[in-house]
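Trainee: Provided herewith is a single structure, encoded as structure tokens, for subsequent inquiry.
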Amino acid sequence: MITRRIVVAAYVAMAAFLFCGSVVAKDQIDEPVILVATPELRDQLFGASVLIVTPIGNGQHIGFILNHPTPVKLSEMFPDHAPSRKVNEPIFLGGPQNVEALFALVQRRGRAGSGQVKLASDLFLEIEREKVDRVIEKEYSRARFFAGVVVWQPGELKAEIRNDFWYVQDADANLVLRKSTTGMWEELVKNIQRNKSFITTGNPLFLAGQAAPAMPLRE
């Protein structure tokens, strides 16, 4: 028979999986992830922000801010381009670098082709101008468009995460392409903090595990 403490620990682990399944380990940024700014991050651009981030090799990362819509639409940027006039959503400010460039995040199935970056099982980043144009023309209803990008040099993102600037979660196409980003950051932070509190302080199973005396194993 296993000890009561081991049983309690198993229940706590199961609760952690059920309630915090989308949160990943802090240092696991070798795959695409969602970054959620912690309340301690005080920055005019990145404070209260949510980003989709992916590694691009050599320790570098790029990302796009998901909850900074601009008042500008594609029809204003490309007034002579008929397909752009069909896109009702605004262009989002993806980041402070390369703000003159337009990027597209599009939801689709399949493998990443040349010039594409796969961010999730059904989410792709289009970088090349011709392919972004094709998304505008044929896939705009499943896409979001960004002006600018965030770039981290080797080691910079890991340092920011170690300094508790970001919560790290699994990449999620539905979150990335959510219709309204109003209140997105507040909602995510509230859920993350509630789940952390449940696991570490408010979970009676966890507290019982802390208090339970060790019982000997019996064969």
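Naming scheme: A, B, ... for chains in displayed order of the structure tokens; residues 1 onward per chain; ligands 1 onward as shown.
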Write out as a PyMOL selection string the residues lying within 10 Å of range 68-81 of chain A, counting only C-alpha atoms and excluding same-chain residues fewer than 3 positions away.
Mentor: chain A and resi 45-46+48-51+64-65+84-95+102+133+136-137+145-147+180-182
Trainee: Save the residues we just selected, N, CA and C atoms, as a compact mmCIF listing (two decimals), in the first residue's frame?
Mentor:
```txt
# COMPACT_ATOMS: atom_id res chain seq x y z
N LEU A 45 4.59 50.04 -23.88
CA LEU A 45 4.16 49.19 -24.98
C LEU A 45 3.81 47.79 -24.51
N PHE A 46 4.65 47.19 -23.67
CA PHE A 46 4.48 45.79 -23.32
C PHE A 46 3.69 45.55 -22.04
N ALA A 48 0.63 45.04 -19.75
CA ALA A 48 -0.73 44.54 -20.02
C ALA A 48 -0.86 44.01 -21.45
N SER A 49 0.19 43.38 -21.95
CA SER A 49 0.17 42.87 -23.32
C SER A 49 0.14 41.34 -23.33
N VAL A 50 -0.33 40.81 -24.46
CA VAL A 50 -0.35 39.36 -24.72
C VAL A 50 0.33 39.16 -26.08
N LEU A 51 1.26 38.22 -26.16
CA LEU A 51 2.01 38.02 -27.40
C LEU A 51 2.02 36.56 -27.81
N PHE A 64 4.50 38.76 -31.78
CA PHE A 64 3.53 39.77 -32.18
C PHE A 64 2.58 40.05 -31.02
N ILE A 65 2.36 41.32 -30.76
CA ILE A 65 1.44 41.72 -29.70
C ILE A 65 0.02 41.49 -30.20
N SER A 84 -8.37 44.19 -50.13
CA SER A 84 -8.13 44.82 -48.82
C SER A 84 -9.38 45.51 -48.31
N ARG A 85 -10.23 45.97 -49.21
CA ARG A 85 -11.45 46.66 -48.79
C ARG A 85 -12.47 45.72 -48.16
N LYS A 86 -12.26 44.41 -48.32
CA LYS A 86 -13.16 43.43 -47.72
C LYS A 86 -12.83 43.13 -46.26
N VAL A 87 -11.64 43.51 -45.84
CA VAL A 87 -11.18 43.19 -44.48
C VAL A 87 -11.66 44.27 -43.53
N ASN A 88 -12.56 43.91 -42.62
CA ASN A 88 -13.15 44.88 -41.70
C ASN A 88 -12.32 45.08 -40.43
N GLU A 89 -11.55 44.06 -40.07
CA GLU A 89 -10.77 44.16 -38.83
C GLU A 89 -9.62 45.15 -38.99
N PRO A 90 -9.21 45.80 -37.91
CA PRO A 90 -8.07 46.72 -37.99
C PRO A 90 -6.76 45.98 -38.11
N ILE A 91 -5.74 46.70 -38.52
CA ILE A 91 -4.37 46.19 -38.45
C ILE A 91 -3.91 46.31 -36.99
N PHE A 92 -3.20 45.31 -36.51
CA PHE A 92 -2.70 45.31 -35.14
C PHE A 92 -1.23 45.75 -35.13
N LEU A 93 -0.85 46.45 -34.07
CA LEU A 93 0.56 46.79 -33.89
C LEU A 93 1.26 45.57 -33.33
N GLY A 94 2.04 44.90 -34.18
CA GLY A 94 2.70 43.67 -33.75
C GLY A 94 3.90 43.90 -32.86
N GLY A 95 4.58 45.03 -33.04
CA GLY A 95 5.77 45.32 -32.25
C GLY A 95 6.48 46.53 -32.79
N LEU A 102 4.14 44.34 -43.23
CA LEU A 102 2.86 43.73 -42.87
C LEU A 102 3.04 42.22 -42.78
N ASP A 133 -0.20 38.96 -49.38
CA ASP A 133 -1.23 39.41 -50.33
C ASP A 133 -2.22 38.30 -50.63
N ILE A 136 -4.66 37.99 -47.84
CA ILE A 136 -5.65 39.07 -47.93
C ILE A 136 -6.72 38.72 -48.97
N GLU A 137 -6.30 38.14 -50.05
CA GLU A 137 -7.22 37.86 -51.16
C GLU A 137 -8.11 36.64 -50.90
N PHE A 145 -3.82 40.62 -39.27
CA PHE A 145 -2.69 41.30 -39.91
C PHE A 145 -2.01 42.24 -38.93
N PHE A 146 -0.67 42.23 -38.97
CA PHE A 146 0.13 42.97 -38.01
C PHE A 146 1.16 43.85 -38.72
N ALA A 147 1.29 45.06 -38.24
CA ALA A 147 2.37 45.94 -38.68
C ALA A 147 3.42 45.94 -37.58
N SER A 180 -12.54 39.84 -30.36
CA SER A 180 -12.33 41.04 -29.55
C SER A 180 -11.18 40.80 -28.58
N THR A 181 -10.22 41.71 -28.58
CA THR A 181 -9.10 41.59 -27.64
C THR A 181 -9.30 42.46 -26.39
N THR A 182 -10.43 43.12 -26.32
CA THR A 182 -10.73 43.94 -25.14
C THR A 182 -10.82 43.04 -23.91
```
Trainee: Between A:Lys196, A:Lys131, A:Lys158, A:Arg108, which is the closest to Asn174 in chain A once you count only C-alpha atoms?
Mentor: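 Distance minimum relative to Asn174 in chain A lands on A:Arg108.
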Trainee: Tell me, in Å to one decimal, how far CA of Lys118 in chain A is from CA of Ala104 in chain A.
Mentor: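 Between CA of Lys118 in chain A and CA of Ala104 in chain A the gap is 12.0 Å.
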Trainee: Pick the closest to Asn98 in chain A from A:Ala171, A:Val132, A:Val149, A:Ile29: which is it, counting only C-alpha atoms?
Mentor: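 Using only C-alpha atoms, the shortest distance to Asn98 in chain A belongs to A:Val149.
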Trainee: Would you pick out the contacts of Arg109 in chain A at 12 Å or less, using only C-alpha atoms, so that residues sharing its chain but fewer than 6 positions from it are not included, and give the list as a ChimeraX atom specification?
Mentor: /A:118-124,142,173
Trainee: Could those residues be written to a file, using N, CA and C atoms, as a PDB file, in the first residue's frame?
Mentor:
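Everything below was put into result25.pdb:
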```
ATOM      1  N   LYS A 118       5.254  27.774 -38.715  1.00  0.00           N
ATOM      2  CA  LYS A 118       4.129  27.134 -38.038  1.00  0.00           C
ATOM      3  C   LYS A 118       4.167  27.469 -36.559  1.00  0.00           C
ATOM      4  N   LEU A 119       3.093  28.092 -36.056  1.00  0.00           N
ATOM      5  CA  LEU A 119       3.039  28.542 -34.674  1.00  0.00           C
ATOM      6  C   LEU A 119       2.217  27.610 -33.783  1.00  0.00           C
ATOM      7  N   ALA A 120       1.338  26.843 -34.378  1.00  0.00           N
ATOM      8  CA  ALA A 120       0.522  25.858 -33.668  1.00  0.00           C
ATOM      9  C   ALA A 120       0.071  24.851 -34.708  1.00  0.00           C
ATOM     10  N   SER A 121      -0.696  23.842 -34.278  1.00  0.00           N
ATOM     11  CA  SER A 121      -1.111  22.808 -35.224  1.00  0.00           C
ATOM     12  C   SER A 121      -1.927  23.379 -36.370  1.00  0.00           C
ATOM     13  N   ASP A 122      -2.589  24.510 -36.130  1.00  0.00           N
ATOM     14  CA  ASP A 122      -3.445  25.107 -37.157  1.00  0.00           C
ATOM     15  C   ASP A 122      -3.231  26.610 -37.301  1.00  0.00           C
ATOM     16  N   LEU A 123      -1.999  27.070 -37.038  1.00  0.00           N
ATOM     17  CA  LEU A 123      -1.719  28.502 -37.112  1.00  0.00           C
ATOM     18  C   LEU A 123      -0.372  28.734 -37.788  1.00  0.00           C
ATOM     19  N   PHE A 124      -0.365  29.608 -38.804  1.00  0.00           N
ATOM     20  CA  PHE A 124       0.848  29.872 -39.569  1.00  0.00           C
ATOM     21  C   PHE A 124       1.126  31.376 -39.642  1.00  0.00           C
ATOM     22  N   ARG A 142      -9.939  34.154 -41.907  1.00  0.00           N
ATOM     23  CA  ARG A 142      -9.277  33.302 -40.909  1.00  0.00           C
ATOM     24  C   ARG A 142      -7.908  33.864 -40.536  1.00  0.00           C
ATOM     25  N   ALA A 173      -4.343  28.964 -31.329  1.00  0.00           N
ATOM     26  CA  ALA A 173      -4.825  29.740 -32.479  1.00  0.00           C
ATOM     27  C   ALA A 173      -6.113  30.481 -32.160  1.00  0.00           C
TER      28      ALA A 173
END
```
Trainee: Hey, what does DSSP flag as strand (DSSP E or B) within range 86-205 of chain A? Can you give it to me as a VMD selection string?
Mentor: chain A and resid 90 to 93 97 to 107 116 to 120 123 to 126 143 to 152 166 to 170
Trainee: For N, CA and C atoms, I'd like the residues from the last selection saved as a short mmCIF file (atom, residue, chain, number, x, y, z; two decimals), in the first residue's frame.
Mentor:
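Result file part.cif:
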```cif
data_model
loop_
_atom_site.label_atom_id
_atom_site.label_comp_id
_atom_site.auth_asym_id
_atom_site.auth_seq_id
_atom_site.Cartn_x
_atom_site.Cartn_y
_atom_site.Cartn_z
N PRO A 90 -9.21 45.80 -37.91
CA PRO A 90 -8.07 46.72 -37.99
C PRO A 90 -6.76 45.98 -38.11
N ILE A 91 -5.74 46.70 -38.52
CA ILE A 91 -4.37 46.19 -38.45
C ILE A 91 -3.91 46.31 -36.99
N PHE A 92 -3.20 45.31 -36.51
CA PHE A 92 -2.70 45.31 -35.14
C PHE A 92 -1.23 45.75 -35.13
N LEU A 93 -0.85 46.45 -34.07
CA LEU A 93 0.56 46.79 -33.89
C LEU A 93 1.26 45.57 -33.33
N GLN A 97 9.60 46.83 -34.04
CA GLN A 97 10.55 46.66 -35.15
C GLN A 97 9.80 46.42 -36.46
N ASN A 98 10.36 46.96 -37.54
CA ASN A 98 9.81 46.75 -38.89
C ASN A 98 8.33 47.11 -38.98
N VAL A 99 7.98 48.27 -38.45
CA VAL A 99 6.56 48.65 -38.46
C VAL A 99 6.06 48.97 -39.87
N GLU A 100 6.96 49.11 -40.81
CA GLU A 100 6.55 49.35 -42.18
C GLU A 100 6.17 48.05 -42.89
N ALA A 101 6.46 46.91 -42.27
CA ALA A 101 6.17 45.62 -42.88
C ALA A 101 4.85 45.07 -42.36
N LEU A 102 4.14 44.34 -43.23
CA LEU A 102 2.86 43.73 -42.87
C LEU A 102 3.04 42.22 -42.78
N PHE A 103 2.57 41.64 -41.68
CA PHE A 103 2.65 40.20 -41.44
C PHE A 103 1.23 39.66 -41.30
N ALA A 104 1.06 38.38 -41.58
CA ALA A 104 -0.26 37.75 -41.45
C ALA A 104 -0.15 36.49 -40.61
N LEU A 105 -1.06 36.33 -39.65
CA LEU A 105 -1.23 35.08 -38.93
C LEU A 105 -2.53 34.48 -39.43
N VAL A 106 -2.47 33.26 -39.92
CA VAL A 106 -3.64 32.66 -40.56
C VAL A 106 -3.87 31.26 -40.02
N GLN A 107 -5.14 30.94 -39.82
CA GLN A 107 -5.51 29.62 -39.31
C GLN A 107 -5.79 28.69 -40.48
N GLN A 116 7.10 30.26 -44.58
CA GLN A 116 6.07 30.20 -43.55
C GLN A 116 6.66 29.71 -42.23
N VAL A 117 6.03 30.09 -41.13
CA VAL A 117 6.42 29.60 -39.81
C VAL A 117 5.18 29.02 -39.15
N LYS A 118 5.25 27.77 -38.71
CA LYS A 118 4.13 27.13 -38.04
C LYS A 118 4.17 27.47 -36.56
N LEU A 119 3.09 28.09 -36.06
CA LEU A 119 3.04 28.54 -34.67
C LEU A 119 2.22 27.61 -33.78
N ALA A 120 1.34 26.84 -34.38
CA ALA A 120 0.52 25.86 -33.67
C ALA A 120 0.07 24.85 -34.71
N LEU A 123 -2.00 27.07 -37.04
CA LEU A 123 -1.72 28.50 -37.11
C LEU A 123 -0.37 28.73 -37.79
N PHE A 124 -0.36 29.61 -38.80
CA PHE A 124 0.85 29.87 -39.57
C PHE A 124 1.13 31.38 -39.64
N LEU A 125 2.40 31.69 -39.68
CA LEU A 125 2.86 33.06 -39.88
C LEU A 125 3.34 33.21 -41.31
N GLU A 126 2.78 34.19 -42.01
CA GLU A 126 3.23 34.51 -43.36
C GLU A 126 4.05 35.80 -43.31
N ALA A 143 -7.72 35.16 -40.72
CA ALA A 143 -6.39 35.75 -40.54
C ALA A 143 -6.46 37.03 -39.71
N ARG A 144 -5.28 37.41 -39.23
CA ARG A 144 -5.10 38.71 -38.57
C ARG A 144 -3.81 39.30 -39.10
N PHE A 145 -3.82 40.62 -39.27
CA PHE A 145 -2.69 41.30 -39.91
C PHE A 145 -2.01 42.24 -38.93
N PHE A 146 -0.67 42.23 -38.97
CA PHE A 146 0.13 42.97 -38.01
C PHE A 146 1.16 43.85 -38.72
N ALA A 147 1.29 45.06 -38.24
CA ALA A 147 2.37 45.94 -38.68
C ALA A 147 3.42 45.94 -37.58
N GLY A 148 4.62 45.49 -37.92
CA GLY A 148 5.68 45.47 -36.92
C GLY A 148 5.79 44.13 -36.21
N VAL A 149 6.90 43.93 -35.56
CA VAL A 149 7.22 42.67 -34.91
C VAL A 149 8.10 42.96 -33.69
N VAL A 150 8.12 42.04 -32.74
CA VAL A 150 9.03 42.12 -31.59
C VAL A 150 10.17 41.14 -31.84
N VAL A 151 11.39 41.57 -31.62
CA VAL A 151 12.56 40.72 -31.84
C VAL A 151 13.38 40.64 -30.55
N TRP A 152 13.70 39.42 -30.13
CA TRP A 152 14.58 39.18 -28.99
C TRP A 152 15.89 38.59 -29.49
N TRP A 166 7.02 37.82 -17.67
CA TRP A 166 6.03 37.12 -18.48
C TRP A 166 5.53 35.85 -17.81
N TYR A 167 4.24 35.57 -17.98
CA TYR A 167 3.71 34.22 -17.81
C TYR A 167 3.82 33.53 -19.17
N VAL A 168 4.07 32.23 -19.17
CA VAL A 168 4.25 31.49 -20.42
C VAL A 168 3.17 30.44 -20.54
N GLN A 169 2.46 30.42 -21.68
CA GLN A 169 1.40 29.45 -21.92
C GLN A 169 1.55 28.82 -23.30
N ASP A 170 0.84 27.72 -23.51
CA ASP A 170 0.86 27.07 -24.81
C ASP A 170 0.28 27.99 -25.88
#
```
Trainee: Quick one: distance from CA of Leu177 in chain A to CA of Thr38 in chain A in Å, one decimal?
Mentor: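 Straight-line distance from CA of Leu177 in chain A to CA of Thr38 in chain A works out to 21.4 Å.
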Trainee: Could you name the residues that touch Gly155 in chain A at 10 Å or less, counting only C-alpha atoms, but leaving out those on the same chain fewer than 5 positions away, as a ChimeraX atom specification?
Mentor: /A:58-61,160
